$ cat protein-v5.cif   # mmCIF, C-alpha atoms and all ligand atoms
data_run
#
loop_
_atom_site.label_atom_id
_atom_site.label_comp_id
_atom_site.auth_asym_id
_atom_site.auth_seq_id
_atom_site.Cartn_x
_atom_site.Cartn_y
_atom_site.Cartn_z
CA MET A 1 -12.34 25.09 -65.98
CA THR A 2 -12.41 27.30 -69.00
CA ALA A 3 -15.47 29.27 -69.95
CA THR A 4 -16.88 29.47 -73.41
CA THR A 5 -15.41 32.42 -75.27
CA ALA A 6 -16.30 34.02 -78.52
CA HIS A 7 -13.66 32.11 -80.45
CA ALA A 8 -14.07 28.72 -78.81
CA ASP A 9 -17.71 27.90 -79.12
CA PRO A 10 -18.35 24.17 -78.93
CA ALA A 11 -21.66 24.55 -80.81
CA CYS A 12 -19.98 25.88 -83.95
CA ALA A 13 -16.29 25.93 -84.64
CA ASP A 14 -16.58 28.92 -86.93
CA LYS A 15 -15.22 32.14 -85.45
CA ALA A 16 -18.28 33.92 -86.87
CA CYS A 17 -20.51 31.91 -84.56
CA LEU A 18 -21.21 32.58 -80.88
CA ASP A 19 -23.53 30.54 -78.65
CA GLY A 20 -24.78 28.71 -81.73
CA VAL A 21 -25.76 31.94 -83.50
CA ASP A 22 -24.35 33.24 -86.77
CA LEU A 23 -22.93 36.70 -85.96
CA PRO A 24 -23.00 38.11 -89.53
CA ALA A 25 -26.73 37.27 -89.63
CA VAL A 26 -27.27 39.12 -86.33
CA ALA A 27 -25.36 42.11 -87.69
CA ARG A 28 -27.49 42.13 -90.84
CA ARG A 29 -30.75 41.94 -88.90
CA VAL A 30 -29.97 44.23 -85.96
CA GLY A 31 -27.43 46.52 -87.61
CA THR A 32 -24.09 47.74 -86.32
CA PRO A 33 -22.60 48.76 -83.98
CA CYS A 34 -24.19 46.21 -81.68
CA HIS A 35 -23.19 44.64 -78.38
CA VAL A 36 -23.74 40.87 -78.33
CA TYR A 37 -23.64 38.62 -75.24
CA SER A 38 -23.65 34.84 -74.91
CA ALA A 39 -26.01 33.72 -72.14
CA SER A 40 -24.41 30.27 -72.15
CA ALA A 41 -20.95 31.72 -71.57
CA ILE A 42 -22.25 33.79 -68.63
CA ARG A 43 -24.05 30.79 -67.12
CA GLU A 44 -20.91 28.73 -67.53
CA ARG A 45 -18.98 31.27 -65.48
CA ILE A 46 -21.70 31.40 -62.83
CA ASP A 47 -21.66 27.61 -62.57
CA ALA A 48 -17.85 27.52 -62.35
CA LEU A 49 -17.89 30.10 -59.57
CA LYS A 50 -20.62 28.28 -57.67
CA ALA A 51 -18.73 25.00 -58.00
CA ALA A 52 -15.53 26.63 -56.72
CA LEU A 53 -17.44 28.02 -53.71
CA HIS A 54 -18.79 24.60 -52.77
CA GLY A 55 -19.15 24.15 -49.02
CA LEU A 56 -18.74 27.83 -48.17
CA ASP A 57 -21.55 30.02 -46.83
CA ALA A 58 -21.09 32.45 -49.71
CA LEU A 59 -23.31 34.83 -51.64
CA VAL A 60 -22.22 36.11 -55.04
CA CYS A 61 -23.29 39.75 -55.46
CA TYR A 62 -22.76 40.54 -59.14
CA ALA A 63 -21.29 44.03 -59.59
CA ALA A 64 -24.12 45.51 -61.64
CA LYS A 65 -21.96 48.29 -63.08
CA ALA A 66 -20.12 45.79 -65.29
CA ASN A 67 -23.21 45.23 -67.42
CA SER A 68 -26.51 46.46 -66.10
CA ASN A 69 -28.73 45.52 -69.03
CA ILE A 70 -32.00 44.22 -67.57
CA ALA A 71 -31.65 40.89 -69.42
CA ILE A 72 -28.19 40.34 -67.94
CA LEU A 73 -29.43 41.21 -64.45
CA GLN A 74 -32.34 38.78 -64.96
CA LEU A 75 -29.85 36.08 -65.87
CA MET A 76 -28.07 36.74 -62.58
CA ALA A 77 -31.39 36.76 -60.69
CA ASP A 78 -32.42 33.44 -62.27
CA ALA A 79 -29.13 31.92 -61.13
CA GLY A 80 -29.82 33.04 -57.56
CA LEU A 81 -27.14 35.71 -57.49
CA GLY A 82 -27.38 38.97 -55.59
CA ALA A 83 -25.97 42.32 -56.65
CA ASP A 84 -23.43 44.90 -55.61
CA ILE A 85 -24.85 48.33 -56.40
CA VAL A 86 -23.39 51.84 -56.27
CA SER A 87 -26.35 54.12 -57.03
CA GLY A 88 -30.07 54.55 -56.71
CA GLY A 89 -30.30 53.80 -60.43
CA GLU A 90 -28.59 50.44 -59.99
CA LEU A 91 -30.87 49.66 -57.04
CA TRP A 92 -33.88 50.38 -59.22
CA ARG A 93 -32.57 48.27 -62.11
CA CYS A 94 -31.71 45.31 -59.91
CA LEU A 95 -35.09 45.29 -58.17
CA TYR A 96 -36.80 45.70 -61.56
CA ALA A 97 -34.86 42.69 -62.87
CA GLY A 98 -36.00 40.57 -59.92
CA ILE A 99 -32.88 40.49 -57.74
CA PRO A 100 -34.26 40.32 -54.19
CA ALA A 101 -33.31 43.26 -51.96
CA GLU A 102 -32.02 40.87 -49.31
CA ARG A 103 -29.29 39.85 -51.77
CA ILE A 104 -28.22 43.40 -52.58
CA VAL A 105 -25.24 45.21 -51.02
CA PHE A 106 -24.70 48.93 -51.48
CA SER A 107 -21.14 50.24 -52.02
CA GLY A 108 -19.76 53.64 -53.06
CA VAL A 109 -18.31 56.78 -51.48
CA GLY A 110 -21.12 59.15 -52.42
CA LYS A 111 -24.34 57.59 -51.18
CA THR A 112 -26.89 60.36 -50.61
CA ALA A 113 -29.60 60.50 -47.94
CA GLU A 114 -32.22 59.79 -50.63
CA GLU A 115 -30.35 56.77 -51.95
CA ILE A 116 -29.86 55.42 -48.44
CA ALA A 117 -33.56 55.94 -47.65
CA ASP A 118 -34.59 54.15 -50.85
CA ALA A 119 -32.24 51.26 -50.12
CA LEU A 120 -33.57 50.95 -46.54
CA GLU A 121 -37.11 51.10 -47.84
CA ALA A 122 -36.34 48.30 -50.30
CA GLY A 123 -34.67 46.30 -47.51
CA VAL A 124 -31.17 45.82 -48.93
CA ALA A 125 -28.95 43.36 -47.11
CA ARG A 126 -26.08 45.63 -46.23
CA PHE A 127 -24.29 48.93 -46.74
CA ASN A 128 -20.55 48.94 -47.39
CA VAL A 129 -19.73 52.14 -45.53
CA GLU A 130 -16.83 54.22 -46.83
CA SER A 131 -16.57 57.20 -44.43
CA ALA A 132 -17.48 58.36 -40.91
CA ASP A 133 -19.82 60.92 -42.41
CA GLU A 134 -21.66 58.20 -44.31
CA LEU A 135 -21.90 56.09 -41.14
CA GLN A 136 -23.54 59.00 -39.30
CA LEU A 137 -25.88 59.61 -42.23
CA LEU A 138 -26.85 55.93 -42.29
CA GLN A 139 -27.56 56.09 -38.52
CA ARG A 140 -29.68 59.23 -38.98
CA VAL A 141 -31.70 57.97 -41.96
CA ALA A 142 -32.23 54.54 -40.37
CA SER A 143 -33.35 56.04 -37.04
CA GLU A 144 -35.76 58.41 -38.83
CA ARG A 145 -37.34 55.37 -40.43
CA ASN A 146 -36.99 53.31 -37.26
CA VAL A 147 -35.18 50.44 -38.96
CA ILE A 148 -31.84 48.79 -38.29
CA ALA A 149 -29.31 49.01 -41.14
CA CYS A 150 -26.66 46.30 -41.43
CA ALA A 151 -23.28 47.77 -42.28
CA SER A 152 -19.76 46.68 -43.15
CA ALA A 153 -16.74 48.93 -42.84
CA ARG A 154 -14.98 49.13 -46.21
CA ILE A 155 -11.32 48.76 -45.39
CA ASN A 156 -8.69 50.45 -47.50
CA PRO A 157 -5.75 48.11 -46.94
CA ASP A 158 -3.19 50.28 -48.76
CA VAL A 159 -2.34 47.49 -51.19
CA ASP A 160 -1.35 48.05 -54.82
CA ALA A 161 -3.66 45.99 -57.06
CA LEU A 162 -0.98 45.99 -59.82
CA THR A 163 -3.50 47.11 -62.39
CA HIS A 164 -4.26 50.33 -64.29
CA ALA A 165 -4.10 53.38 -61.97
CA LYS A 166 -7.61 54.47 -62.94
CA ILE A 167 -9.13 51.21 -61.71
CA SER A 168 -7.02 50.80 -58.54
CA THR A 169 -9.01 51.42 -55.38
CA GLY A 170 -7.03 49.94 -52.49
CA LYS A 171 -4.15 52.40 -51.98
CA SER A 172 -4.43 54.85 -49.09
CA GLU A 173 -4.30 57.72 -51.61
CA ASN A 174 -7.53 56.45 -53.23
CA LYS A 175 -10.96 57.75 -52.26
CA PHE A 176 -12.29 54.34 -51.27
CA GLY A 177 -12.77 52.85 -47.79
CA VAL A 178 -11.05 53.80 -44.56
CA GLY A 179 -7.86 52.70 -42.85
CA VAL A 180 -7.97 50.07 -40.10
CA ASP A 181 -7.27 52.72 -37.46
CA GLU A 182 -10.35 54.68 -38.39
CA ALA A 183 -12.52 51.57 -38.65
CA ARG A 184 -11.34 50.50 -35.20
CA GLY A 185 -12.81 53.73 -33.87
CA TRP A 186 -16.13 53.01 -35.60
CA PHE A 187 -16.46 49.68 -33.79
CA ALA A 188 -15.38 51.20 -30.44
CA GLY A 189 -18.01 53.89 -30.80
CA GLY A 190 -20.63 51.45 -32.05
CA ALA A 191 -22.81 51.78 -28.94
CA ALA A 192 -23.93 55.19 -30.18
CA LEU A 193 -25.16 53.59 -33.38
CA THR A 194 -28.66 52.75 -32.20
CA HIS A 195 -29.93 51.99 -35.73
CA VAL A 196 -26.83 50.58 -37.44
CA ARG A 197 -25.58 47.07 -36.84
CA LEU A 198 -21.91 47.34 -37.73
CA ASP A 199 -21.00 43.68 -38.05
CA GLY A 200 -19.09 43.28 -41.30
CA LEU A 201 -15.91 44.11 -43.17
CA HIS A 202 -15.53 44.80 -46.87
CA VAL A 203 -12.53 45.17 -49.15
CA HIS A 204 -12.17 45.80 -52.89
CA ILE A 205 -8.74 46.91 -54.08
CA GLY A 206 -9.17 47.19 -57.83
CA SER A 207 -10.24 45.65 -61.09
CA GLN A 208 -8.71 43.49 -63.84
CA MET A 209 -6.24 41.89 -61.41
CA LEU A 210 -4.15 39.19 -63.04
CA SER A 211 -2.19 38.21 -59.92
CA LEU A 212 -3.32 36.67 -56.65
CA ASP A 213 -0.60 38.41 -54.62
CA PRO A 214 -2.41 41.72 -54.04
CA ILE A 215 -5.66 39.85 -53.37
CA ARG A 216 -3.95 37.71 -50.74
CA ALA A 217 -2.28 40.77 -49.18
CA ALA A 218 -5.58 42.66 -48.95
CA LEU A 219 -7.42 39.66 -47.52
CA GLN A 220 -4.70 39.20 -44.92
CA ARG A 221 -5.14 42.80 -43.70
CA VAL A 222 -8.87 42.31 -43.35
CA VAL A 223 -8.51 38.92 -41.69
CA ASP A 224 -6.02 40.30 -39.17
CA PHE A 225 -8.51 43.04 -38.35
CA TRP A 226 -11.37 40.55 -38.07
CA HIS A 227 -9.29 38.50 -35.58
CA GLU A 228 -8.52 41.64 -33.61
CA LEU A 229 -12.19 42.65 -33.51
CA ALA A 230 -13.30 39.14 -32.57
CA ALA A 231 -10.78 39.08 -29.72
CA ALA A 232 -12.20 42.41 -28.52
CA GLY A 233 -15.69 40.89 -28.48
CA TYR A 234 -17.17 42.31 -31.68
CA ALA A 235 -19.21 39.84 -33.71
CA ILE A 236 -18.31 39.92 -37.41
CA ARG A 237 -21.05 38.21 -39.39
CA SER A 238 -20.08 39.19 -42.92
CA LEU A 239 -16.78 39.39 -44.80
CA ASP A 240 -17.05 40.86 -48.31
CA VAL A 241 -14.01 40.19 -50.48
CA GLY A 242 -15.08 42.53 -53.32
CA GLY A 243 -14.49 41.80 -56.99
CA GLY A 244 -11.62 42.52 -59.31
CA LEU A 245 -10.70 39.18 -60.87
CA GLY A 246 -9.13 39.81 -64.26
CA VAL A 247 -10.00 38.32 -67.65
CA ARG A 248 -8.20 37.63 -70.93
CA TYR A 249 -8.36 40.66 -73.18
CA ARG A 250 -5.33 39.72 -75.22
CA ALA A 251 -5.00 36.13 -76.35
CA GLY A 252 -1.58 34.64 -75.66
CA HIS A 253 -0.62 37.58 -73.47
CA ASP A 254 -3.04 37.85 -70.53
CA HIS A 255 -3.04 34.90 -68.15
CA PRO A 256 -5.96 35.25 -65.76
CA VAL A 257 -5.99 33.49 -62.41
CA SER A 258 -8.26 30.42 -62.47
CA ILE A 259 -11.49 30.70 -60.54
CA ASP A 260 -10.52 27.71 -58.40
CA ASP A 261 -7.21 29.29 -57.41
CA TYR A 262 -9.01 32.57 -56.63
CA VAL A 263 -11.58 30.88 -54.42
CA ASP A 264 -8.88 28.75 -52.80
CA ALA A 265 -7.09 31.97 -51.81
CA ILE A 266 -10.32 33.21 -50.20
CA ARG A 267 -10.97 29.84 -48.57
CA HIS A 268 -7.47 29.78 -47.15
CA ALA A 269 -7.45 33.40 -45.94
CA LEU A 270 -10.89 33.20 -44.34
CA ALA A 271 -10.40 29.77 -42.73
CA GLY A 272 -12.29 29.62 -39.43
CA PHE A 273 -14.73 32.38 -40.34
CA GLU A 274 -18.23 31.27 -39.48
CA GLY A 275 -20.26 34.13 -40.94
CA ARG A 276 -21.27 34.79 -44.52
CA ILE A 277 -18.73 35.46 -47.26
CA LEU A 278 -19.77 37.94 -49.94
CA LEU A 279 -18.13 38.20 -53.37
CA GLU A 280 -18.68 41.02 -55.87
CA PRO A 281 -17.40 39.85 -59.26
CA GLY A 282 -18.41 41.92 -62.26
CA ARG A 283 -16.01 41.66 -65.18
CA TRP A 284 -15.15 37.99 -64.68
CA LEU A 285 -18.77 36.93 -65.13
CA VAL A 286 -19.56 38.87 -68.31
CA ALA A 287 -16.54 40.36 -70.11
CA GLU A 288 -15.50 37.41 -72.25
CA ALA A 289 -19.13 36.53 -73.02
CA GLY A 290 -19.53 39.69 -75.09
CA VAL A 291 -18.35 41.07 -78.42
CA LEU A 292 -18.99 44.36 -80.15
CA LEU A 293 -20.01 43.91 -83.78
CA THR A 294 -19.04 46.78 -86.04
CA ARG A 295 -18.56 47.40 -89.75
CA VAL A 296 -15.73 49.04 -91.61
CA ILE A 297 -16.85 52.41 -92.94
CA ARG A 298 -13.70 53.03 -94.92
CA ILE A 299 -9.92 52.75 -95.00
CA LYS A 300 -8.11 56.05 -94.88
CA HIS A 301 -4.53 56.33 -95.97
CA GLY A 302 -3.30 59.16 -93.74
CA GLN A 303 -0.05 60.99 -94.24
CA GLN A 304 1.74 58.67 -91.86
CA ARG A 305 -0.64 55.91 -90.86
CA LYS A 306 -3.33 53.71 -92.31
CA PHE A 307 -6.68 54.09 -90.50
CA LEU A 308 -9.34 51.41 -90.32
CA ILE A 309 -12.45 53.48 -89.64
CA LEU A 310 -15.26 51.53 -87.94
CA ASP A 311 -18.87 52.43 -87.29
CA ALA A 312 -18.29 51.82 -83.56
CA ALA A 313 -16.59 54.52 -81.54
CA MET A 314 -15.43 55.51 -78.08
CA ASN A 315 -19.03 56.28 -77.12
CA ASP A 316 -19.85 52.56 -77.63
CA LEU A 317 -16.68 51.20 -76.00
CA LEU A 318 -14.68 53.64 -73.90
CA ARG A 319 -12.08 51.30 -72.41
CA PRO A 320 -9.35 51.74 -75.06
CA SER A 321 -9.67 55.54 -74.93
CA LEU A 322 -9.88 55.76 -71.14
CA TYR A 323 -7.38 53.11 -70.03
CA ASP A 324 -5.42 52.38 -73.22
CA ALA A 325 -7.01 48.97 -72.83
CA TRP A 326 -6.27 46.22 -75.34
CA HIS A 327 -9.17 44.36 -76.94
CA ASP A 328 -8.56 41.67 -79.54
CA ILE A 329 -10.04 42.70 -82.89
CA VAL A 330 -11.11 40.03 -85.36
CA PRO A 331 -12.48 40.79 -88.84
CA LEU A 332 -15.12 38.19 -89.78
CA LEU A 333 -14.01 37.48 -93.35
CA ASP A 334 -14.94 34.66 -95.71
CA ASP A 335 -11.77 34.74 -97.78
CA SER A 336 -8.09 34.85 -96.81
CA ARG A 337 -6.42 38.25 -97.03
CA SER A 338 -2.90 39.53 -96.63
CA MET A 339 -1.94 41.16 -93.33
CA GLN A 340 -1.93 44.92 -92.92
CA THR A 341 -1.08 47.29 -90.07
CA TYR A 342 -3.86 49.66 -89.05
CA ASP A 343 -4.76 52.22 -86.48
CA VAL A 344 -8.30 51.11 -85.69
CA VAL A 345 -10.48 54.14 -85.00
CA GLY A 346 -14.08 55.28 -84.74
CA PRO A 347 -15.86 58.26 -86.32
CA VAL A 348 -15.88 60.45 -83.17
CA CYS A 349 -14.04 63.74 -83.49
CA GLU A 350 -11.28 63.01 -81.00
CA THR A 351 -7.85 61.54 -81.59
CA GLY A 352 -8.51 59.45 -78.47
CA ASP A 353 -11.27 57.65 -80.36
CA THR A 354 -8.81 54.87 -81.11
CA PHE A 355 -9.41 51.18 -80.44
CA ALA A 356 -5.91 50.05 -81.38
CA ARG A 357 -2.68 51.41 -82.80
CA ASP A 358 -0.39 49.51 -85.15
CA ARG A 359 -2.69 46.47 -85.10
CA GLU A 360 -1.82 43.66 -87.54
CA LEU A 361 -5.06 42.53 -89.17
CA PRO A 362 -6.16 40.84 -92.36
CA GLU A 363 -6.72 43.52 -94.99
CA CYS A 364 -10.18 45.02 -94.55
CA ARG A 365 -12.56 46.66 -97.01
CA ALA A 366 -15.54 48.92 -96.57
CA GLY A 367 -18.54 46.94 -95.33
CA ASP A 368 -16.51 44.13 -93.72
CA LEU A 369 -17.79 42.97 -90.36
CA VAL A 370 -15.37 43.25 -87.44
CA MET A 371 -15.67 41.81 -83.94
CA ILE A 372 -14.10 43.60 -80.98
CA LYS A 373 -13.76 40.97 -78.30
CA ALA A 374 -14.31 40.73 -74.54
CA THR A 375 -16.64 43.72 -74.45
CA GLY A 376 -19.34 42.20 -72.23
CA ALA A 377 -18.16 44.16 -69.17
CA TYR A 378 -17.85 47.94 -69.01
CA GLY A 379 -18.84 48.23 -72.68
CA ALA A 380 -22.51 49.15 -73.02
CA SER A 381 -22.64 50.15 -69.34
CA MET A 382 -20.11 52.94 -69.99
CA ALA A 383 -21.61 54.04 -73.30
CA SER A 384 -22.74 57.58 -74.03
CA THR A 385 -24.32 59.48 -76.89
CA TYR A 386 -21.24 61.68 -77.42
CA ASN A 387 -21.16 63.24 -80.89
CA SER A 388 -24.94 62.59 -80.89
CA ARG A 389 -24.43 58.94 -81.68
CA PRO A 390 -27.48 57.00 -80.43
CA LEU A 391 -26.82 54.13 -78.00
CA ALA A 392 -26.10 50.87 -79.82
CA ALA A 393 -28.41 47.87 -79.79
CA GLU A 394 -27.69 44.99 -77.39
CA VAL A 395 -28.43 41.35 -78.21
CA LEU A 396 -28.50 38.27 -76.02
CA LEU A 397 -27.64 34.92 -77.59
CA ASP A 398 -28.66 31.59 -76.14
CA ARG A 399 -28.03 28.19 -77.75
CA GLY A 400 -28.90 29.05 -81.32
CA HIS A 401 -31.36 31.87 -80.62
CA TYR A 402 -30.99 35.60 -80.27
CA ALA A 403 -33.09 38.30 -78.62
CA VAL A 404 -32.64 42.06 -78.87
CA VAL A 405 -32.38 43.19 -75.25
CA ARG A 406 -31.86 46.85 -76.01
CA GLU A 407 -33.29 48.47 -79.10
CA ARG A 408 -30.96 50.77 -80.96
CA GLN A 409 -31.79 54.27 -79.73
CA THR A 410 -33.64 56.49 -82.19
CA PHE A 411 -32.74 60.14 -82.66
CA GLU A 412 -36.02 61.06 -80.92
CA GLU A 413 -35.11 58.89 -77.93
CA MET A 414 -31.64 60.40 -77.90
CA ILE A 415 -33.05 63.88 -77.26
CA ALA A 416 -35.84 62.72 -74.91
CA GLY A 417 -36.12 65.16 -72.00
CA GLU A 418 -34.46 68.04 -73.86
CA HIS A 419 -36.54 71.17 -74.48
CA SER A 420 -36.34 74.45 -76.25
CA ALA A 421 -36.05 77.23 -73.65
CA ASP A 422 -39.64 78.42 -73.97
CA GLN A 423 -40.58 78.34 -70.29
CA TRP A 424 -38.51 80.81 -68.30
CA GLU A 425 -38.79 80.94 -64.50
CA THR A 426 -37.13 82.99 -61.78
CA ALA A 427 -35.30 80.99 -59.11
N1 LIG B 501 -17.04 45.83 -56.03
C1 LIG B 501 -16.78 47.15 -56.00
C2 LIG B 501 -16.97 47.88 -54.74
C3 LIG B 501 -16.35 47.80 -57.16
O1 LIG B 501 -16.07 49.11 -57.11
C4 LIG B 501 -16.18 47.07 -58.36
C5 LIG B 501 -15.73 47.73 -59.60
C6 LIG B 501 -16.49 45.71 -58.35
C7 LIG B 501 -16.92 45.11 -57.16
C8 LIG B 501 -16.39 44.85 -59.57
O2 LIG B 501 -15.11 44.76 -60.07
P1 LIG B 501 -14.77 43.72 -61.26
O3 LIG B 501 -14.99 42.32 -60.72
O4 LIG B 501 -15.69 44.02 -62.37
O5 LIG B 501 -13.36 44.00 -61.58
N2 LIG B 501 -14.57 50.67 -65.94
C9 LIG B 501 -13.41 49.90 -65.55
C10 LIG B 501 -13.66 49.06 -64.32
C11 LIG B 501 -14.12 49.84 -63.11
C12 LIG B 501 -14.45 48.96 -61.93
C13 LIG B 501 -15.08 49.73 -60.83
N3 LIG B 501 -15.42 48.96 -59.68
C14 LIG B 501 -12.95 49.07 -66.74
O6 LIG B 501 -13.55 49.13 -67.81
O7 LIG B 501 -11.93 48.37 -66.66
#
$ encode --input "protein-v5.cif" --output "structure tokens" --more "lines below"
Ligand code: LLP
Amino acid sequence: MTATTAHADPACADKACLDGVDLPAVARRVGTPCHVYSASAIRERIDALKAALHGLDALVCYAAKANSNIAILQLMADAGLGADIVSGGELWRCLYAGIPAERIVFSGVGKTAEEIADALEAGVARFNVESADELQLLQRVASERNVIACASARINPDVDALTHAKISTGKSENKFGVGVDEARGWFAGGAALTHVRLDGLHVHIGSQMLSLDPIRAALQRVVDFWHELAAAGYAIRSLDVGGGLGVRYRAGHDHPVSIDDYVDAIRHALAGFEGRILLEPGRWLVAEAGVLLTRVIRIKHGQQRKFLILDAAMNDLLRPSLYDAWHDIVPLLDDSRSMQTYDVVGPVCETGDTFARDRELPECRAGDLVMIKATGAYGASMASTYNSRPLAAEVLLDRGHYAVVRERQTFEEMIAGEHSADQWETA
């Protein structure tokens, strides 16, 4: 099963067309930079995942952080998906978009009492608990409200996800989850948890994983622990396998695991489990459905290198600056041009505002439209207004139609909430 990608759209063979929509026309109407997402490509991934999960009692909780635009969350809600959230803001967004609270799981090492109270009030399905302190806080907040909170212990299996260090979460040196020894103590002391039902395990070891080996190793740790707990008489009703499945950022170079092989690994590891399986994919569902449209501002012949300066920058797409991540870059040109080598950069005043170094591209001119690919995940959701650059517009495409799902921010909106210091108070 291969999902529709920006360059392989069955509706129109042209690379300038996505989900049946002409991208240069979108760029002209909406302006650049602009994040564009194909609804069909996202639905195709959802359907492929659902098909792979056939016969399992599984709930897909989309990791909202990957792309939390309301229209994307609504797409997930319409498909019956739940959500994995990590903040009060994500809870609010997901509920606003119509994802039912009973399909929402709450992860993250820094949940506050207020966030926990709001999540209990909303009636979220489950908390993925990451520390003893958080477990006690959950017990306290739940007992104050006289409700029972369902909880899973997030296990840190000390497995290397074989991905970028900044997005690895499953080594014992990382801040996430707790070791099996500590979790064992939580279950043993469970009787004191009058308002927490600790009946699940959770694991998430990292993101953009292109190999099944670390996933299998992490699952094995959790499954061994589940067997141990079951033998000791503890009922485990929920096993959450996290997210992390990688995508193709670099054509001909990245070879993602197929969704069927991924689910087979889960099916195999969790054989005999009779509770509910939770999955938290983010990137895999949305990354390859999105592109960032940007125009060439100018070419600069530096003293040593030739710079292709775009109107998109690190504030619109942080991944290359933060993780040295590769994104394929495709100029949308009508005519054939000779190849050139560029450093592809944005206008932000940082050397790190670089999308690519030494990239071979057809020769570009000022005004040319350029597509940065696979930006549907962790693109707009990680954007900022650094250098006072307003947030870019976001557009959803669906079978020949487009809808602006985030207006380009105005300067006034950019400074909303800021004041001159005309009201002084003493603290
Ligand atoms: N579940 C938990 C508990 C997570 O922390 C994450 C991602 C996911 C699920 C979803 O992972 P995914 O399926 O999207 O790999 N900004 C980085 C990625 C950070 C991921 C953080 N956690 C990037 O642009 O590569």
$ residues_near_point --input "protein-v5.cif" --point "(-32.9, 40.5, -71.7)" --cutoff "7 Å" --atoms "all atoms listed in the file" --output "ChimeraX atom specification"
/A:70-72,74,396,405
$ write_last_selection --input "protein-v5.cif" --atoms "C-alpha atoms" --output "PDB file, in the frame of the given file"
ATOM      1  CA  ILE A  70     -32.000  44.220 -67.570  1.00  0.00           C
ATOM      2  CA  ALA A  71     -31.650  40.890 -69.420  1.00  0.00           C
ATOM      3  CA  ILE A  72     -28.190  40.340 -67.940  1.00  0.00           C
ATOM      4  CA  GLN A  74     -32.340  38.780 -64.960  1.00  0.00           C
ATOM      5  CA  LEU A 396     -28.500  38.270 -76.020  1.00  0.00           C
ATOM      6  CA  VAL A 405     -32.380  43.190 -75.250  1.00  0.00           C
TER       7      VAL A 405
END
$ atom_distance --input "protein-v5.cif" --atom1 "atom CA of A:Lys111" --atom2 "atom CA of A:Leu73"
21.7 Å
$ atom_distance --input "protein-v5.cif" --atom1 "atom CA of A:Leu91" --atom2 "atom CA of A:Val247"
26.0 Å
$ residues_near_ligand --input "protein-v5.cif" --ligand "ligand LIG 501 (chain B)" --cutoff "8 Å" --atoms "all atoms listed in the file" --output "MDAnalysis selection string"
chainID A and resid 62:63 65:66 84 86 107:108 166:167 169 203:204 206:209 242:246 279:285 318:319 323 325 377:379 382
$ atom_distance --input "protein-v5.cif" --atom1 "atom CA of A:Ala217" --atom2 "atom CA of A:Ala265"
10.4 Å
$ closest_residue --input "protein-v5.cif" --among "A:Trp326, A:Phe307, A:Trp226, A:Tyr402" --to "A:Thr351" --atoms "all atoms listed in the file"
A:Phe307
$ closest_residue --input "protein-v5.cif" --among "A:Gln423, A:Tyr342, A:Val286, A:Ala192" --to "A:Glu44" --atoms "all atoms listed in the file"
A:Val286
$ closest_residue --input "protein-v5.cif" --among "A:Ala153, A:Leu229, A:Leu219, A:Ala403" --to "A:Val263" --atoms "only C-alpha atoms"
A:Leu219
$ closest_residue --input "protein-v5.cif" --among "A:Ser152, A:Asn146, A:Ser211, A:Ser168" --to "A:His195" --atoms "all atoms listed in the file"
A:Asn146
$ closest_residue --input "protein-v5.cif" --among "A:Leu308, A:Leu292, A:Ala392, A:Leu95" --to "A:Thr375" --atoms "only C-alpha atoms"
A:Leu292
$ residues_around --input "protein-v5.cif" --residues "A:Ala183" --least-positions-apart "2" --cutoff "9 Å" --atoms "only C-alpha atoms" --output "JSON, numbers by chain"
{"A": [132, 153, 154, 155, 178, 179, 180, 181, 185, 186, 187, 188]}
$ closest_residue --input "protein-v5.cif" --among "A:Ser143, A:Asn67, A:Ser172, A:Ser384" --to "A:Ile42" --atoms "all atoms listed in the file"
A:Asn67
$ axis_aligned_box --input "protein-v5.cif" --around "stretch 304-314 of chain A" --padding-each-side "6 Å" --output "JSON"
{"center_x": -8.6, "center_y": 55.0, "center_z": -85.2, "size_x": 32.6, "size_y": 19.3, "size_z": 26.2}
$ residues_around --input "protein-v5.cif" --residues "A:Val159" --least-positions-apart "2" --cutoff "9 Å" --atoms "only C-alpha atoms" --output "MDAnalysis selection string"
chainID A and resid 156:157 161:162 169:172 205 214:215 217:218
$ residues_near_point --input "protein-v5.cif" --point "(-12.1, 51.1, -95.8)" --cutoff "7 Å" --atoms "all atoms listed in the file" --output "list in words"
Val296, Ile297, Arg298, Ile299, Lys300, Leu308, Ile309, Cys364, Arg365 and Ala366 of chain A
$ write_last_selection --input "protein-v5.cif" --atoms "C-alpha atoms" --output "mmCIF file, in the coordinates of the input"
data_model
loop_
_atom_site.group_PDB
_atom_site.id
_atom_site.type_symbol
_atom_site.label_atom_id
_atom_site.label_comp_id
_atom_site.auth_asym_id
_atom_site.auth_seq_id
_atom_site.Cartn_x
_atom_site.Cartn_y
_atom_site.Cartn_z
ATOM 1 C CA VAL A 296 -15.730 49.040 -91.610
ATOM 2 C CA ILE A 297 -16.850 52.410 -92.940
ATOM 3 C CA ARG A 298 -13.700 53.030 -94.920
ATOM 4 C CA ILE A 299 -9.920 52.750 -95.000
ATOM 5 C CA LYS A 300 -8.110 56.050 -94.880
ATOM 6 C CA LEU A 308 -9.340 51.410 -90.320
ATOM 7 C CA ILE A 309 -12.450 53.480 -89.640
ATOM 8 C CA CYS A 364 -10.180 45.020 -94.550
ATOM 9 C CA ARG A 365 -12.560 46.660 -97.010
ATOM 10 C CA ALA A 366 -15.540 48.920 -96.570
#
$ residues_around --input "protein-v5.cif" --residues "A:Ala77" --least-positions-apart "4" --cutoff "12 Å" --atoms "all atoms listed in the file" --output "list of chain:residue names"
A:Arg43, A:Ile46, A:Val60, A:Cys61, A:Tyr62, A:Ala64, A:Ile70, A:Ala71, A:Ile72, A:Leu73, A:Leu81, A:Gly82, A:Ala83, A:Arg93, A:Cys94, A:Leu95, A:Tyr96, A:Ala97, A:Gly98, A:Ile99, A:Pro100, A:Ala101, A:Arg103, A:Ile104
